[in-house]
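Listing of target-v4.cif; format and content: mmCIF, C-alpha atoms.
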```
data_data
loop_
_atom_site.group_PDB
_atom_site.id
_atom_site.type_symbol
_atom_site.label_atom_id
_atom_site.label_comp_id
_atom_site.auth_asym_id
_atom_site.auth_seq_id
_atom_site.Cartn_x
_atom_site.Cartn_y
_atom_site.Cartn_z
ATOM 1 C CA MET A 505 30.566 18.655 3.119
ATOM 2 C CA LYS A 506 28.417 17.005 5.747
ATOM 3 C CA ALA A 507 24.704 17.419 6.079
ATOM 4 C CA ARG A 508 21.835 16.112 8.131
ATOM 5 C CA VAL A 509 18.231 15.606 7.080
ATOM 6 C CA THR A 510 15.774 15.117 9.933
ATOM 7 C CA VAL A 511 12.383 13.631 9.148
ATOM 8 C CA THR A 512 9.563 13.921 11.678
ATOM 9 C CA LEU A 513 5.887 13.047 11.649
ATOM 10 C CA LYS A 514 3.527 15.951 11.079
ATOM 11 C CA SER A 515 1.561 17.002 14.121
ATOM 12 C CA GLY A 516 -1.807 15.304 14.311
ATOM 13 C CA ILE A 517 -0.496 12.087 12.702
ATOM 14 C CA LEU A 518 -0.921 9.164 15.063
ATOM 15 C CA ASP A 519 2.463 7.746 16.063
ATOM 16 C CA PRO A 520 1.971 4.328 17.699
ATOM 17 C CA GLN A 521 5.728 3.730 17.893
ATOM 18 C CA GLY A 522 6.281 7.033 19.698
ATOM 19 C CA LYS A 523 3.453 6.136 22.065
ATOM 20 C CA ALA A 524 5.060 2.752 22.834
ATOM 21 C CA ILE A 525 8.429 4.430 23.514
ATOM 22 C CA GLU A 526 6.684 6.980 25.730
ATOM 23 C CA GLY A 527 5.079 4.140 27.702
ATOM 24 C CA ALA A 528 8.422 2.343 28.056
ATOM 25 C CA LEU A 529 10.152 5.486 29.313
ATOM 26 C CA LYS A 530 7.416 6.016 31.890
ATOM 27 C CA SER A 531 7.642 2.401 33.059
ATOM 28 C CA LEU A 532 11.436 2.814 33.377
ATOM 29 C CA GLY A 533 10.741 5.648 35.785
ATOM 30 C CA VAL A 534 12.264 8.374 33.583
ATOM 31 C CA ASP A 535 10.812 11.536 35.072
ATOM 32 C CA GLY A 536 8.993 14.326 33.325
ATOM 33 C CA VAL A 537 8.301 12.722 29.945
ATOM 34 C CA ALA A 538 5.120 14.310 28.636
ATOM 35 C CA SER A 539 5.101 12.767 25.156
ATOM 36 C CA VAL A 540 7.379 11.158 22.544
ATOM 37 C CA ARG A 541 7.286 11.410 18.749
ATOM 38 C CA GLN A 542 9.787 9.353 16.809
ATOM 39 C CA GLY A 543 11.442 10.218 13.519
ATOM 40 C CA LYS A 544 14.485 9.570 11.335
ATOM 41 C CA VAL A 545 17.900 11.159 10.882
ATOM 42 C CA PHE A 546 19.972 10.870 7.686
ATOM 43 C CA ASP A 547 23.651 11.853 7.830
ATOM 44 C CA ILE A 548 24.739 12.593 4.291
ATOM 45 C CA GLU A 549 28.156 13.376 2.829
ATOM 46 C CA LEU A 550 28.156 15.611 -0.214
ATOM 47 C CA SER A 551 30.946 15.725 -2.756
ATOM 48 C CA GLY A 552 30.793 19.401 -3.863
ATOM 49 C CA SER A 553 31.427 22.561 -1.833
ATOM 50 C CA ASP A 554 28.646 24.827 -3.128
ATOM 51 C CA LYS A 555 26.277 25.348 -0.207
ATOM 52 C CA ALA A 556 23.302 26.538 -2.250
ATOM 53 C CA LYS A 557 23.611 23.564 -4.587
ATOM 54 C CA ALA A 558 23.947 21.200 -1.649
ATOM 55 C CA GLU A 559 20.809 22.539 -0.007
ATOM 56 C CA ALA A 560 18.880 22.216 -3.243
ATOM 57 C CA ALA A 561 20.084 18.620 -3.697
ATOM 58 C CA LEU A 562 19.140 17.701 -0.128
ATOM 59 C CA LYS A 563 15.712 19.240 -0.521
ATOM 60 C CA ASP A 564 15.280 17.273 -3.726
ATOM 61 C CA ALA A 565 16.353 14.064 -1.941
ATOM 62 C CA ALA A 566 13.916 14.667 0.891
ATOM 63 C CA ASP A 567 10.995 15.466 -1.426
ATOM 64 C CA LYS A 568 11.657 12.542 -3.741
ATOM 65 C CA LEU A 569 12.522 9.818 -1.260
ATOM 66 C CA LEU A 570 13.599 10.509 2.317
ATOM 67 C CA ALA A 571 10.257 11.895 3.495
ATOM 68 C CA ASN A 572 6.684 11.031 2.623
ATOM 69 C CA THR A 573 5.293 14.539 2.679
ATOM 70 C CA VAL A 574 1.751 13.231 3.150
ATOM 71 C CA ILE A 575 2.630 12.458 6.765
ATOM 72 C CA GLU A 576 6.138 13.771 7.376
ATOM 73 C CA ASN A 577 8.017 17.070 7.626
ATOM 74 C CA TYR A 578 11.751 17.383 7.093
ATOM 75 C CA ARG A 579 14.566 19.763 8.013
ATOM 76 C CA VAL A 580 17.808 20.110 6.078
ATOM 77 C CA GLU A 581 21.008 21.255 7.850
ATOM 78 C CA LEU A 582 24.532 21.709 6.518
ATOM 79 C CA LEU A 583 26.984 20.811 9.285
ATOM 80 C CA MET B 1133 -6.534 -11.559 -19.507
ATOM 81 C CA LYS B 1134 -2.835 -10.822 -19.926
ATOM 82 C CA SER B 1135 -1.320 -10.027 -16.555
ATOM 83 C CA ALA B 1136 2.070 -8.620 -15.672
ATOM 84 C CA VAL B 1137 3.280 -9.242 -12.115
ATOM 85 C CA LEU B 1138 6.004 -6.867 -10.932
ATOM 86 C CA VAL B 1139 8.944 -8.372 -9.085
ATOM 87 C CA PHE B 1140 11.095 -6.354 -6.703
ATOM 88 C CA PRO B 1141 13.862 -7.669 -4.446
ATOM 89 C CA GLY B 1142 12.171 -8.833 -1.245
ATOM 90 C CA ILE B 1143 8.749 -9.498 -2.783
ATOM 91 C CA ASN B 1144 7.510 -12.968 -1.814
ATOM 92 C CA ARG B 1145 3.868 -13.286 -2.928
ATOM 93 C CA GLU B 1146 4.407 -13.055 -6.679
ATOM 94 C CA ARG B 1147 3.988 -16.808 -7.260
ATOM 95 C CA ASP B 1148 0.776 -17.034 -5.249
ATOM 96 C CA MET B 1149 -0.495 -14.132 -7.334
ATOM 97 C CA ALA B 1150 0.582 -15.674 -10.650
ATOM 98 C CA ARG B 1151 -1.132 -18.923 -9.675
ATOM 99 C CA ALA B 1152 -4.402 -17.164 -8.855
ATOM 100 C CA LEU B 1153 -4.258 -15.201 -12.128
ATOM 101 C CA LYS B 1154 -3.645 -18.377 -14.134
ATOM 102 C CA LEU B 1155 -6.509 -20.110 -12.365
ATOM 103 C CA ALA B 1156 -8.916 -17.274 -13.151
ATOM 104 C CA SER B 1157 -7.843 -16.438 -16.694
ATOM 105 C CA GLY B 1158 -6.157 -19.559 -18.036
ATOM 106 C CA ASN B 1159 -3.177 -17.438 -19.045
ATOM 107 C CA GLU B 1160 0.301 -17.529 -17.548
ATOM 108 C CA ALA B 1161 1.175 -14.182 -15.940
ATOM 109 C CA VAL B 1162 4.404 -12.536 -17.070
ATOM 110 C CA MET B 1163 6.884 -11.687 -14.312
ATOM 111 C CA VAL B 1164 8.354 -8.227 -14.846
ATOM 112 C CA TRP B 1165 11.625 -7.330 -13.109
ATOM 113 C CA HIS B 1166 11.733 -3.928 -11.396
ATOM 114 C CA ALA B 1167 14.600 -2.668 -13.580
ATOM 115 C CA GLU B 1168 12.551 -3.019 -16.787
ATOM 116 C CA THR B 1169 11.403 0.220 -18.385
ATOM 117 C CA ALA B 1170 8.439 -1.166 -20.321
ATOM 118 C CA LEU B 1171 5.537 -3.549 -19.714
ATOM 119 C CA PRO B 1172 4.921 -6.510 -22.045
ATOM 120 C CA LYS B 1173 2.859 -5.542 -25.117
ATOM 121 C CA GLY B 1174 -0.848 -6.162 -24.720
ATOM 122 C CA THR B 1175 -0.818 -6.145 -20.906
ATOM 123 C CA ASP B 1176 -4.394 -5.919 -19.541
ATOM 124 C CA LEU B 1177 -3.582 -5.936 -15.841
ATOM 125 C CA VAL B 1178 -0.513 -4.956 -13.834
ATOM 126 C CA VAL B 1179 -0.230 -6.543 -10.404
ATOM 127 C CA VAL B 1180 2.042 -5.283 -7.655
ATOM 128 C CA PRO B 1181 2.222 -8.263 -5.295
ATOM 129 C CA GLY B 1182 2.875 -8.519 -1.590
ATOM 130 C CA GLY B 1183 6.050 -9.126 0.330
ATOM 131 C CA PHE B 1184 8.776 -6.985 1.796
ATOM 132 C CA SER B 1185 10.332 -5.075 -1.079
ATOM 133 C CA TYR B 1186 13.792 -3.829 -0.090
ATOM 134 C CA GLY B 1187 13.248 -5.229 3.400
ATOM 135 C CA ASP B 1188 10.765 -2.430 4.144
ATOM 136 C CA TYR B 1189 13.778 -0.105 4.470
ATOM 137 C CA LEU B 1190 13.069 3.632 4.844
ATOM 138 C CA ARG B 1191 9.256 3.188 4.626
ATOM 139 C CA CYS B 1192 7.259 0.218 3.351
ATOM 140 C CA GLY B 1193 7.195 0.403 -0.437
ATOM 141 C CA ALA B 1194 9.177 3.659 -0.600
ATOM 142 C CA ILE B 1195 12.138 2.356 -2.577
ATOM 143 C CA ALA B 1196 10.161 0.047 -4.864
ATOM 144 C CA ALA B 1197 7.885 2.989 -5.736
ATOM 145 C CA ARG B 1198 10.896 4.747 -7.318
ATOM 146 C CA ALA B 1199 12.030 1.726 -9.395
ATOM 147 C CA PRO B 1200 12.383 2.204 -13.190
ATOM 148 C CA VAL B 1201 9.378 -0.034 -13.998
ATOM 149 C CA MET B 1202 7.078 2.260 -12.019
ATOM 150 C CA ASP B 1203 7.261 4.964 -14.714
ATOM 151 C CA ALA B 1204 5.819 2.433 -17.162
ATOM 152 C CA VAL B 1205 3.125 1.535 -14.605
ATOM 153 C CA ARG B 1206 2.306 5.222 -14.174
ATOM 154 C CA ASP B 1207 1.874 5.635 -17.951
ATOM 155 C CA PHE B 1208 -0.192 2.435 -18.094
ATOM 156 C CA ALA B 1209 -2.497 3.685 -15.316
ATOM 157 C CA ALA B 1210 -2.744 7.132 -16.915
ATOM 158 C CA SER B 1211 -4.027 5.505 -20.102
ATOM 159 C CA GLY B 1212 -6.730 3.707 -18.103
ATOM 160 C CA GLY B 1213 -4.994 0.331 -17.657
ATOM 161 C CA LEU B 1214 -5.996 -1.810 -14.682
ATOM 162 C CA VAL B 1215 -3.538 -1.948 -11.779
ATOM 163 C CA LEU B 1216 -3.944 -4.099 -8.666
ATOM 164 C CA GLY B 1217 -1.701 -3.710 -5.621
ATOM 165 C CA VAL B 1218 -1.959 -6.144 -2.729
ATOM 166 C CA CYS B 1219 -0.382 -5.642 0.705
ATOM 167 C CA ASN B 1220 3.145 -4.365 0.012
ATOM 168 C CA GLY B 1221 1.763 -3.623 -3.461
ATOM 169 C CA PHE B 1222 -0.810 -1.262 -1.906
ATOM 170 C CA GLN B 1223 1.982 0.438 0.045
ATOM 171 C CA ILE B 1224 4.037 0.765 -3.147
ATOM 172 C CA LEU B 1225 1.114 2.307 -5.087
ATOM 173 C CA CYS B 1226 0.566 4.876 -2.313
ATOM 174 C CA GLU B 1227 4.269 5.731 -2.202
ATOM 175 C CA ALA B 1228 4.279 6.024 -6.007
ATOM 176 C CA GLY B 1229 1.453 8.558 -5.852
ATOM 177 C CA LEU B 1230 -0.948 6.309 -7.795
ATOM 178 C CA LEU B 1231 -3.237 6.166 -4.762
ATOM 179 C CA PRO B 1232 -3.721 8.796 -2.056
ATOM 180 C CA GLY B 1233 -2.792 8.339 1.581
ATOM 181 C CA VAL B 1234 -0.334 6.099 3.363
ATOM 182 C CA LEU B 1235 -0.212 2.773 5.232
ATOM 183 C CA MET B 1236 1.006 3.391 8.772
ATOM 184 C CA ARG B 1237 2.061 1.037 11.545
ATOM 185 C CA ASN B 1238 -0.861 -1.081 12.833
ATOM 186 C CA SER B 1239 -2.436 0.804 15.709
ATOM 187 C CA ARG B 1240 -1.726 -2.023 18.157
ATOM 188 C CA LEU B 1241 1.855 -2.317 16.857
ATOM 189 C CA LYS B 1242 1.576 -6.032 16.120
ATOM 190 C CA PHE B 1243 2.119 -7.870 12.868
ATOM 191 C CA ILE B 1244 -1.264 -9.389 12.042
ATOM 192 C CA CYS B 1245 -1.400 -12.729 10.219
ATOM 193 C CA LYS B 1246 -4.892 -14.206 10.138
ATOM 194 C CA ASP B 1247 -8.112 -14.467 8.171
ATOM 195 C CA VAL B 1248 -10.309 -11.383 8.263
ATOM 196 C CA HIS B 1249 -13.727 -10.522 6.912
ATOM 197 C CA LEU B 1250 -14.242 -7.820 4.346
ATOM 198 C CA ARG B 1251 -17.405 -6.134 3.237
ATOM 199 C CA VAL B 1252 -17.576 -5.522 -0.509
ATOM 200 C CA GLU B 1253 -19.001 -2.005 -0.708
ATOM 201 C CA ARG B 1254 -20.127 -2.026 -4.330
ATOM 202 C CA SER B 1255 -20.196 -4.457 -7.221
ATOM 203 C CA ASP B 1256 -20.109 -2.084 -10.192
ATOM 204 C CA THR B 1257 -16.319 -1.863 -10.568
ATOM 205 C CA PRO B 1258 -13.821 -4.078 -12.443
ATOM 206 C CA PHE B 1259 -12.375 -5.113 -9.070
ATOM 207 C CA THR B 1260 -15.640 -6.125 -7.399
ATOM 208 C CA ARG B 1261 -18.004 -7.255 -10.147
ATOM 209 C CA GLY B 1262 -17.437 -10.874 -9.111
ATOM 210 C CA TYR B 1263 -19.233 -10.081 -5.846
ATOM 211 C CA ASN B 1264 -22.525 -8.602 -4.713
ATOM 212 C CA ALA B 1265 -22.616 -5.226 -2.987
ATOM 213 C CA GLY B 1266 -22.678 -5.816 0.761
ATOM 214 C CA GLN B 1267 -21.296 -9.351 0.430
ATOM 215 C CA VAL B 1268 -18.918 -10.464 3.188
ATOM 216 C CA ILE B 1269 -15.813 -12.370 2.113
ATOM 217 C CA ARG B 1270 -13.075 -14.047 4.144
ATOM 218 C CA VAL B 1271 -9.453 -13.496 3.107
ATOM 219 C CA PRO B 1272 -6.116 -13.534 4.925
ATOM 220 C CA VAL B 1273 -4.037 -10.526 5.952
ATOM 221 C CA ALA B 1274 -0.341 -10.548 6.820
ATOM 222 C CA HIS B 1275 1.014 -7.113 7.585
ATOM 223 C CA GLY B 1276 2.577 -4.876 10.202
ATOM 224 C CA GLU B 1277 1.822 -1.623 8.382
ATOM 225 C CA GLY B 1278 -1.734 -1.720 7.093
ATOM 226 C CA ASN B 1279 -3.284 1.140 8.977
ATOM 227 C CA TYR B 1280 -4.631 3.300 6.144
ATOM 228 C CA GLU B 1281 -4.450 7.014 6.866
ATOM 229 C CA ALA B 1282 -5.022 10.128 4.798
ATOM 230 C CA ASP B 1283 -5.940 13.690 5.633
ATOM 231 C CA GLU B 1284 -9.563 14.268 6.564
ATOM 232 C CA GLU B 1285 -10.433 15.845 3.236
ATOM 233 C CA THR B 1286 -9.019 12.909 1.252
ATOM 234 C CA VAL B 1287 -10.910 10.347 3.344
ATOM 235 C CA LYS B 1288 -14.085 12.383 2.873
ATOM 236 C CA ARG B 1289 -13.514 12.442 -0.872
ATOM 237 C CA LEU B 1290 -12.838 8.689 -1.027
ATOM 238 C CA GLU B 1291 -16.104 8.067 0.808
ATOM 239 C CA GLY B 1292 -18.094 10.609 -1.194
ATOM 240 C CA GLU B 1293 -16.893 9.246 -4.514
ATOM 241 C CA GLY B 1294 -17.516 5.629 -3.513
ATOM 242 C CA ARG B 1295 -13.850 4.745 -3.818
ATOM 243 C CA VAL B 1296 -13.692 2.512 -0.737
ATOM 244 C CA LEU B 1297 -14.320 -0.939 -2.236
ATOM 245 C CA TYR B 1298 -13.357 -3.176 0.692
ATOM 246 C CA ARG B 1299 -13.787 -2.559 4.418
ATOM 247 C CA TYR B 1300 -12.825 -4.649 7.460
ATOM 248 C CA CYS B 1301 -15.934 -6.049 9.147
ATOM 249 C CA SER B 1302 -17.210 -8.831 11.385
ATOM 250 C CA ALA B 1303 -18.342 -12.217 10.002
ATOM 251 C CA GLU B 1304 -21.841 -10.727 9.922
ATOM 252 C CA GLY B 1305 -20.719 -7.706 7.937
ATOM 253 C CA VAL B 1306 -20.759 -5.191 10.783
ATOM 254 C CA VAL B 1307 -18.119 -2.491 10.453
ATOM 255 C CA ASP B 1308 -17.023 -1.361 13.905
ATOM 256 C CA GLU B 1309 -13.947 -0.732 16.011
ATOM 257 C CA SER B 1310 -13.530 -4.356 17.079
ATOM 258 C CA SER B 1311 -13.375 -5.596 13.482
ATOM 259 C CA ASN B 1312 -11.001 -2.813 12.397
ATOM 260 C CA ILE B 1313 -7.881 -4.941 12.824
ATOM 261 C CA ASN B 1314 -5.232 -2.309 12.205
ATOM 262 C CA GLY B 1315 -6.920 0.981 13.108
ATOM 263 C CA ALA B 1316 -7.405 2.117 9.494
ATOM 264 C CA ALA B 1317 -9.418 5.268 8.864
ATOM 265 C CA GLU B 1318 -13.074 4.264 8.311
ATOM 266 C CA SER B 1319 -11.968 0.586 8.450
ATOM 267 C CA ILE B 1320 -10.576 0.962 4.924
ATOM 268 C CA ALA B 1321 -9.072 -2.245 3.514
ATOM 269 C CA GLY B 1322 -9.060 -1.308 -0.174
ATOM 270 C CA ILE B 1323 -9.497 1.842 -2.280
ATOM 271 C CA VAL B 1324 -9.454 2.777 -5.958
ATOM 272 C CA SER B 1325 -7.955 5.734 -7.772
ATOM 273 C CA GLU B 1326 -10.049 8.676 -8.915
ATOM 274 C CA ARG B 1327 -10.525 7.047 -12.318
ATOM 275 C CA GLY B 1328 -11.353 3.693 -10.710
ATOM 276 C CA ASN B 1329 -8.685 1.697 -12.559
ATOM 277 C CA VAL B 1330 -6.117 1.324 -9.764
ATOM 278 C CA LEU B 1331 -6.996 -0.748 -6.689
ATOM 279 C CA GLY B 1332 -4.868 -1.061 -3.574
ATOM 280 C CA MET B 1333 -5.835 -3.456 -0.786
ATOM 281 C CA MET B 1334 -4.072 -4.892 2.254
ATOM 282 C CA PRO B 1335 -5.698 -8.385 2.378
ATOM 283 C CA HIS B 1336 -4.572 -11.223 0.103
ATOM 284 C CA PRO B 1337 -7.435 -12.455 -2.124
ATOM 285 C CA GLU B 1338 -4.885 -14.562 -4.070
ATOM 286 C CA ASN B 1339 -4.484 -16.793 -1.021
ATOM 287 C CA HIS B 1340 -8.128 -17.864 -0.954
ATOM 288 C CA VAL B 1341 -8.745 -19.173 -4.449
ATOM 289 C CA GLU B 1342 -8.493 -22.973 -4.251
ATOM 290 C CA ASP B 1343 -10.304 -25.568 -2.156
ATOM 291 C CA ILE B 1344 -7.036 -26.772 -0.666
ATOM 292 C CA MET B 1345 -6.612 -23.290 0.867
ATOM 293 C CA GLY B 1346 -9.759 -23.854 2.888
ATOM 294 C CA CYS B 1347 -11.685 -21.000 1.315
ATOM 295 C CA THR B 1348 -12.265 -19.631 -2.182
ATOM 296 C CA ASP B 1349 -13.705 -16.211 -1.350
ATOM 297 C CA GLY B 1350 -10.824 -14.458 -3.129
ATOM 298 C CA ARG B 1351 -11.794 -15.899 -6.509
ATOM 299 C CA GLY B 1352 -14.485 -13.304 -7.146
ATOM 300 C CA LEU B 1353 -11.961 -10.519 -7.487
ATOM 301 C CA PHE B 1354 -10.001 -12.295 -10.230
ATOM 302 C CA ALA B 1355 -13.098 -13.702 -11.941
ATOM 303 C CA GLY B 1356 -14.546 -10.183 -11.968
ATOM 304 C CA LEU B 1357 -11.439 -8.778 -13.644
ATOM 305 C CA VAL B 1358 -11.563 -11.489 -16.312
ATOM 306 C CA ALA B 1359 -15.274 -10.826 -16.926
ATOM 307 C CA HIS B 1360 -14.661 -7.070 -17.112
ATOM 308 C CA LEU B 1361 -11.918 -7.460 -19.712
ATOM 309 C CA GLU B 1362 -13.933 -9.948 -21.769
ATOM 310 C CA LYS B 1363 -16.805 -7.510 -21.889
ATOM 311 C CA ALA B 1364 -14.482 -4.684 -22.903
ATOM 312 C CA ALA B 1365 -12.881 -6.733 -25.688
#
```
Re-express the file's structure as structure tokens.
Amino acid sequence: MKARVTVTLKSGILDPQGKAIEGALKSLGVDGVASVRQGKVFDIELSGSDKAKAEAALKDAADKLLANTVIENYRVELL
Amino acid sequence: MKSAVLVFPGINRERDMARALKLASGNEAVMVWHAETALPKGTDLVVVPGGFSYGDYLRCGAIAARAPVMDAVRDFAASGGLVLGVCNGFQILCEAGLLPGVLMRNSRLKFICKDVHLRVERSDTPFTRGYNAGQVIRVPVAHGEGNYEADEETVKRLEGEGRVLYRYCSAEGVVDESSNINGAAESIAGIVSERGNVLGMMPHPENHVEDIMGCTDGRGLFAGLVAHLEKAA
């Protein structure tokens, strides 16, 4: 089973990297970019086939390691 | 003072730290590998040194914070033991939940490697008793992620409880935007835990302890720890 965990910065947290990317896009002349926030994507392969168990394991992984919940939110998706 | 210095893959300041500890206390520090599950008997101080544990993968300090030895450090801190985290060590202590907040990317996105000035905010703690309150010291920093951030309430609490021990400042001791090298909230360079026994700081006091280093302003921190433990014993 394949899954994806997406980690993003909470709103209100300053994101200097996102700001730098935003500036670069504007200087490249990419039109209509209002703002950029950067984050992380984890593509994870799971060995079992129980969806509920998989979601619980992914949530556990995100809480324990993949995200720092002081500053980040995460979303778990089974693909 | 019996010190234990934690060693993780990618750490590179452990020897500087051990040298400073030996200089201050006369005792050889014990190096403790991250896979250990216990600290040496009779440890007075645990030090989490600087470097780039696990290549800063995922987030600075994130993987080291989950290493087996950190459970022993958590128990040690819970029983009132002294813990000092410098640079990557500060990041590791935050990730481990031993200190609040997080060290984010420097606001100007650059790795900063230079001497900075710090204002010692109070002298009545184990980590600052070698200094006077308000004293300005010069120590080096070397980090890309030292921008201390926490939610507004946490920062307010840190300030209200006097838990900010070191703050970035000018050579004259003025705390303002231009001396806040990395954009940290309230120019925070070092904070202690609620109980006051865990200190995390971004600058490297261990690199200013001998004349050959050009400055010995970092000595006070280690001398203060030794004096604190002698008084307690």
(request) Go through the shown structure with the PyMOL selection byres ((chain B and resi 1224) around 8) and write out the matching residues as a PyMOL selection string. (result) chain B and resi 1180+1192-1194+1196-1197+1217+1220-1223+1225-1228
(request) Name every residue that the PyMOL selection byres ((chain B) within 12 of (chain A)) selects in this structure, writing the answer as a ChimeraX atom specification with chains first and numbers rising. (result) /B:1189-1199,1223,1226-1229,1231-1242,1276-1277,1279-1284,1286,1314-1317
(request) Write out as number ranges by chain each polymer residue whose atoms come within 7 Å of Thr1260 in chain B, counting only C-alpha atoms; drop sequence neighbours fewer than 6 positions from it. (result) B: 1254, 1353, 1356
(message) Let me make sure I understand: among A:Ala528, A:Leu582, A:Leu513, A:Val545, which one has the smallest atom-to-atom distance to Leu562 in chain A if we use all atoms listed in the file?
(response)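 Of all the options, A:Leu582 lies closest to Leu562 in chain A.
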(message) Just the number, please: distance in Å from CA of Val511 in chain A to CA of Leu1230 in chain B, one decimal.
(response) 22.8 Å
(message) Which residues would end up in the selection if the PyMOL selection byres ((chain B and resi 1296-1312) around 7) were applied here, given that I need the answer as a ChimeraX atom specification?
(response) /B:1249-1254,1268,1290-1291,1294-1295,1313-1316,1319-1324
(request) Could you tell me how far CA of Glu1293 in chain B lies from CA of Asn1264 in chain B, in Å and to one decimal? (result) 18.7 Å
Padding 6 Å on every side, please: axis-aligned box over the listed atoms of range 532-546 of chain A, centre and edge lengths to one decimal in Å, as lines of an AutoDock Vina configuration file.
```
center_x = 12.5
center_y = 8.6
center_z = 21.7
size_x = 26.9
size_y = 23.5
size_z = 40.1
```
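For the set B:His1166, B:Arg1270, B:Lys1134, B:Arg1151, the residue with the smallest atom-to-atom gap to Leu1214 in chain B is B:Lys1134, counting all atoms listed in the file.
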(message) One decimal, in Å: what's the spacing between CA of Asn1329 in chain B and CA of Pro1258 in chain B?
(response)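 These two atoms are separated by 7.7 Å.
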(request) Name the residues in contact with Val1358 in chain B at a cut-off of 9 Å, using all atoms listed in the file, excluding same-chain residues fewer than 2 positions from it; report them as a list in words. (result)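 The residues satisfying every condition are Met1133, Ala1156, Ser1157, Pro1258, Leu1353, Phe1354, Ala1355, Gly1356, His1360, Leu1361, Glu1362 and Lys1363 of chain B.
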(message) Between B:Gly1292, B:Gly1213, B:Pro1200, B:Pro1337, which residue has the minimum interatomic distance to Ala1167 in chain B, considering only C-alpha atoms?
(response)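 The answer is B:Pro1200, which sits nearest to Ala1167 in chain B.
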Residue neighbourhood Gly1174 in chain B, 10 Å, only C-alpha atoms, exclusion window fewer than 2 positions, as a compact mmCIF listing (two decimals) with C-alpha atoms, keeping the file's coordinate frame:
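selection.txt, freshly written:
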```txt
# COMPACT_ATOMS: atom_id res chain seq x y z
CA MET B 1133 -6.53 -11.56 -19.51
CA LYS B 1134 -2.84 -10.82 -19.93
CA SER B 1135 -1.32 -10.03 -16.56
CA ALA B 1136 2.07 -8.62 -15.67
CA LEU B 1171 5.54 -3.55 -19.71
CA PRO B 1172 4.92 -6.51 -22.04
CA ASP B 1176 -4.39 -5.92 -19.54
CA LEU B 1177 -3.58 -5.94 -15.84
```
For range 522-534 of chain A, which lacks atoms in the input, supply N, CA and C atoms and format the output as a compact mmCIF listing (two decimals), in the frame of the given file.
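And here is the file that came out, part-v4.txt:
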```txt
# COMPACT_ATOMS: atom_id res chain seq x y z
N GLY A 522 5.94 6.01 18.71
CA GLY A 522 6.28 7.03 19.70
C GLY A 522 5.55 6.79 21.01
N LYS A 523 4.27 6.41 20.87
CA LYS A 523 3.45 6.14 22.06
C LYS A 523 4.04 4.97 22.87
N ALA A 524 4.49 3.92 22.15
CA ALA A 524 5.06 2.75 22.83
C ALA A 524 6.35 3.13 23.56
N ILE A 525 7.17 3.98 22.90
CA ILE A 525 8.43 4.43 23.51
C ILE A 525 8.12 5.27 24.76
N GLU A 526 7.12 6.14 24.60
CA GLU A 526 6.68 6.98 25.73
C GLU A 526 6.29 6.10 26.92
N GLY A 527 5.51 5.05 26.64
CA GLY A 527 5.08 4.14 27.70
C GLY A 527 6.26 3.44 28.36
N ALA A 528 7.24 3.04 27.53
CA ALA A 528 8.42 2.34 28.06
C ALA A 528 9.24 3.27 28.95
N LEU A 529 9.38 4.53 28.51
CA LEU A 529 10.15 5.49 29.31
C LEU A 529 9.48 5.70 30.67
N LYS A 530 8.15 5.80 30.63
CA LYS A 530 7.42 6.02 31.89
C LYS A 530 7.58 4.80 32.79
N SER A 531 7.53 3.60 32.22
CA SER A 531 7.64 2.40 33.06
C SER A 531 9.07 2.22 33.57
N LEU A 532 10.05 2.84 32.88
CA LEU A 532 11.44 2.81 33.38
C LEU A 532 11.65 3.83 34.50
N GLY A 533 10.65 4.66 34.72
CA GLY A 533 10.74 5.65 35.78
C GLY A 533 11.48 6.90 35.36
N VAL A 534 11.64 7.13 34.04
CA VAL A 534 12.26 8.37 33.58
C VAL A 534 11.27 9.52 33.84
```
